[in-house]
Amino acid sequence: MLWRDKFALAATIFLLVVISCAVFGPMLMGDAALSQNLRGRNAPPFSIANGWFYVLGSDSLGRPLLPRVVVAAQNTMLIAAGAVLCSSIIGALLGLVAGYASSRVGNVILRLADVIMSFPSLLLAVVVLYILAPSVGNLVIVLAITRIPVYLRTTRAEVMEIRQRMFVEAAEVMGASPVRIVFRHILPMVIPTLVTIATLDFAFVMLAESSLSFLGIGIQPPQITWGLMVSQGRQYLATAWWLAFWPGLAIILTTMSLNLLSNWMRIALDPAQRWRLEIGGKANG
């Protein structure tokens, strides 16, 4: 089905390239991303007079942009993946408890989610990171906390609907423990929805991290992210537009690819809608 959907296939290939850059980029291009060449400061793109590393141009210190964009993918992906993983696990566990336990316990957990949602996520991140030292770990923690309510409320709504189905009632009649019912029978039904939301939320978290780095309270030099590169290049927009263009393009393409893949996964993982992809593939064949 993925092969038949060309947009989703292209998005998947691009995301695999980004992940490969995040995993292997620092090992292959780490030294080149930090090497300075003051004679080649703000070199324009598509010029390989100083080597093919300079195909995207160089920054104000003569550092080639291609290795820097590749290396910056690691911190950007690491922060987004860590925040999404932590928030999805914690939010899903709290949602399972809130949806299957008594109404009193569920209401207490929902009030916790309301407290978190009462603060704008970006503002909360700005305040916390202003107090704490900006680092990868602090960014992951702050962004994860702000996204917990999304998974909590979604999981709770799914659990409250699934627990009314006959196979859950049959498991209860047969004497299955609540823990077994939740993790063996209910959770597998909720996972496809959580995976779809996590794919879409990955793009949101990545944009949030880029915004914080752009404001100067995210990752600090010498570490780099795409958002920090855009922030460093904004003062050269009139004279060296490529400093902010290439990392900004990486953010846009990655976010768009995640949205396309999330839309495909939402249909592919839903048995009630999967027929659209199957019929479309037969029609194309």
# chains A, B, ... in the order shown; residues from 1 in each chain; ligands from 1
>>> residues_around(residues="Ser121 of chain A", least_positions_apart="4", cutoff="12 Å", atoms="only C-alpha atoms", output="list in words")
Val115, Ile116, Met117, Ala125, Val126, Val127, Val128, Val142, Leu143, Ala144, Ile145, Thr146, Arg147, Ile148, Pro149, Val150, Phe204, Val205, Ala208, Glu209, Ser211 and Leu212 of chain A
>>> residues_around(residues="segment 260-270 of chain A", least_positions_apart="4", cutoff="6 Å", atoms="only C-alpha atoms", output="mmCIF file with C-alpha atoms, in the first residue's frame")
data_model
loop_
_atom_site.group_PDB
_atom_site.id
_atom_site.type_symbol
_atom_site.label_atom_id
_atom_site.label_comp_id
_atom_site.auth_asym_id
_atom_site.auth_seq_id
_atom_site.Cartn_x
_atom_site.Cartn_y
_atom_site.Cartn_z
ATOM 1 C CA ALA A 8 3.694 8.767 1.251
ATOM 2 C CA PRO A 192 -2.544 2.422 16.009
ATOM 3 C CA THR A 196 -0.601 8.128 14.112
ATOM 4 C CA THR A 199 3.958 10.787 13.900
ATOM 5 C CA LEU A 200 2.050 14.049 13.596
ATOM 6 C CA ARG A 274 -7.948 0.712 4.671
#
>>> closest_atom_pairs(of="segment 55-125 of chain A", to="segment 154-161 of chain A", cutoff="6 Å", atoms="only C-alpha atoms", output="JSON lines")
{"residue": "A:Ala92", "atom": "CA", "partner": "A:Thr155", "partner_atom": "CA", "distance": 5.7}
{"residue": "A:Gly95", "atom": "CA", "partner": "A:Arg156", "partner_atom": "CA", "distance": 4.4}
{"residue": "A:Leu96", "atom": "CA", "partner": "A:Arg156", "partner_atom": "CA", "distance": 5.9}
{"residue": "A:Ala98", "atom": "CA", "partner": "A:Arg156", "partner_atom": "CA", "distance": 6.0}
{"residue": "A:Gly99", "atom": "CA", "partner": "A:Arg156", "partner_atom": "CA", "distance": 4.4}
>>> closest_atom_pairs(of="segment 187-210 of chain A", to="segment 249-255 of chain A", cutoff="8 Å", atoms="only C-alpha atoms", output="CSV")
residue,atom,partner,partner_atom,distance
A:Ala203,CA,A:Thr255,CA,5.0
A:Phe204,CA,A:Thr255,CA,7.9
A:Met206,CA,A:Thr255,CA,7.9
A:Leu207,CA,A:Ile251,CA,7.5
>>> closest_residue(among="A:Phe183, A:Ala73, A:Leu66, A:Val140", to="Ile48 of chain A", atoms="only C-alpha atoms")
A:Leu66
>>> atom_distance(atom1="atom CA of Trp242 of chain A", atom2="atom CA of Asn42 of chain A")
8.8 Å
>>> residues_around(residues="Leu78 of chain A", least_positions_apart="3", cutoff="9 Å", atoms="only C-alpha atoms", output="JSON, numbers by chain")
{"A": [22, 73, 74, 75, 81, 82, 83, 136, 140]}
>>> write_last_selection(atoms="C-alpha atoms", output="tab-separated table (two decimals), in the first residue's frame")
chain	number	residue	atom	x	y	z
A	22	ALA	CA	21.08	11.97	12.23
A	73	ALA	CA	19.83	16.71	12.14
A	74	GLN	CA	21.03	14.57	15.05
A	75	ASN	CA	20.17	17.04	17.83
A	81	ALA	CA	12.09	11.70	19.26
A	82	GLY	CA	12.88	11.82	22.98
A	83	ALA	CA	10.04	14.22	23.74
A	136	VAL	CA	19.17	18.52	25.16
A	140	VAL	CA	13.24	16.87	26.02
>>> closest_atom_pairs(of="segment 45-71 of chain A", to="segment 25-38 of chain A", cutoff="6 Å", atoms="only C-alpha atoms", output="Markdown table")
| residue | atom | partner | partner_atom | distance |
| --- | --- | --- | --- | --- |
| A:Leu61 | CA | A:Leu38 | CA | 5.6 |
| A:Gly62 | CA | A:Asn37 | CA | 4.4 |
| A:Arg63 | CA | A:Gln36 | CA | 4.9 |
| A:Pro67 | CA | A:Ala33 | CA | 4.9 |
| A:Arg68 | CA | A:Ala33 | CA | 4.8 |
| A:Val70 | CA | A:Gly25 | CA | 5.7 |
| A:Val71 | CA | A:Pro26 | CA | 5.1 |
>>> write_last_selection(atoms="N, CA and C atoms", output="mmCIF file, in the first residue's frame")
data_model
loop_
_atom_site.group_PDB
_atom_site.id
_atom_site.type_symbol
_atom_site.label_atom_id
_atom_site.label_comp_id
_atom_site.auth_asym_id
_atom_site.auth_seq_id
_atom_site.Cartn_x
_atom_site.Cartn_y
_atom_site.Cartn_z
ATOM 1 N N LEU A 61 31.819 32.193 9.468
ATOM 2 C CA LEU A 61 33.146 31.748 9.884
ATOM 3 C C LEU A 61 33.785 30.825 8.855
ATOM 4 N N GLY A 62 33.141 30.691 7.706
ATOM 5 C CA GLY A 62 33.677 29.853 6.646
ATOM 6 C C GLY A 62 33.416 28.374 6.834
ATOM 7 N N ARG A 63 32.522 28.011 7.743
ATOM 8 C CA ARG A 63 32.195 26.596 7.949
ATOM 9 C C ARG A 63 31.190 26.143 6.890
ATOM 10 N N PRO A 67 27.763 19.943 5.735
ATOM 11 C CA PRO A 67 28.010 19.131 6.939
ATOM 12 C C PRO A 67 27.267 19.641 8.161
ATOM 13 N N ARG A 68 27.078 20.954 8.272
ATOM 14 C CA ARG A 68 26.392 21.505 9.444
ATOM 15 C C ARG A 68 24.906 21.131 9.430
ATOM 16 N N VAL A 70 23.675 18.465 8.011
ATOM 17 C CA VAL A 70 23.623 17.019 8.267
ATOM 18 C C VAL A 70 23.842 16.721 9.747
ATOM 19 N N VAL A 71 24.832 17.360 10.359
ATOM 20 C CA VAL A 71 25.129 17.123 11.773
ATOM 21 C C VAL A 71 24.011 17.659 12.666
#
>>> closest_residue(among="A:Ile13, A:Ser47, A:Val69, A:Ala113", to="Leu152 of chain A", atoms="only C-alpha atoms")
A:Ala113
>>> residues_around(residues="Arg165 of chain A", least_positions_apart="6", cutoff="12 Å", atoms="only C-alpha atoms", output="PDB file with N, CA and C atoms, in the first residue's frame")
ATOM      1  N   GLU A 158     -10.327   6.546  23.876  1.00  0.00           N
ATOM      2  CA  GLU A 158     -10.323   5.246  23.204  1.00  0.00           C
ATOM      3  C   GLU A 158     -10.659   4.118  24.179  1.00  0.00           C
ATOM      4  N   VAL A 159     -10.093   4.177  25.378  1.00  0.00           N
ATOM      5  CA  VAL A 159     -10.327   3.116  26.363  1.00  0.00           C
ATOM      6  C   VAL A 159     -11.793   3.088  26.786  1.00  0.00           C
ATOM      7  N   ALA A 171     -13.836 -11.040  28.653  1.00  0.00           N
ATOM      8  CA  ALA A 171     -12.627 -11.239  29.448  1.00  0.00           C
ATOM      9  C   ALA A 171     -12.897 -10.979  30.930  1.00  0.00           C
ATOM     10  N   GLU A 172     -13.723  -9.982  31.224  1.00  0.00           N
ATOM     11  CA  GLU A 172     -14.075  -9.706  32.619  1.00  0.00           C
ATOM     12  C   GLU A 172     -14.881 -10.848  33.221  1.00  0.00           C
ATOM     13  N   HIS A 185      -5.785  -6.707  25.987  1.00  0.00           N
ATOM     14  CA  HIS A 185      -6.943  -6.591  25.116  1.00  0.00           C
ATOM     15  C   HIS A 185      -7.208  -5.151  24.646  1.00  0.00           C
ATOM     16  N   ILE A 186      -6.992  -4.171  25.526  1.00  0.00           N
ATOM     17  CA  ILE A 186      -7.338  -2.782  25.184  1.00  0.00           C
ATOM     18  C   ILE A 186      -6.173  -2.057  24.526  1.00  0.00           C
ATOM     19  N   MET A 189      -5.516  -2.237  20.778  1.00  0.00           N
ATOM     20  CA  MET A 189      -6.502  -1.526  19.977  1.00  0.00           C
ATOM     21  C   MET A 189      -6.235  -0.020  19.946  1.00  0.00           C
TER      22      MET A 189
END
>>> closest_residue(among="A:Leu15, A:Leu85, A:Val105, A:Ala10", to="Val195 of chain A", atoms="only C-alpha atoms")
A:Leu85
>>> atom_distance(atom1="atom CA of Phe245 of chain A", atom2="atom CA of Phe53 of chain A")
16.6 Å
>>> select_by_dssp(residues="segment 123-281 of chain A", states="helix (DSSP H, G or I)", output="PyMOL selection string")
chain A and resi 123-131+136-162+166-173+178-215+226-236+242-268+274-281
>>> residues_around(residues="segment 222-225 of chain A", least_positions_apart="2", cutoff="6 Å", atoms="only C-alpha atoms", output="list in words")
Ala72, Asn75, Thr76, Gln220, Gly227 and Leu228 of chain A
>>> atom_distance(atom1="atom CA of Pro221 of chain A", atom2="atom CA of Ile131 of chain A")
18.4 Å
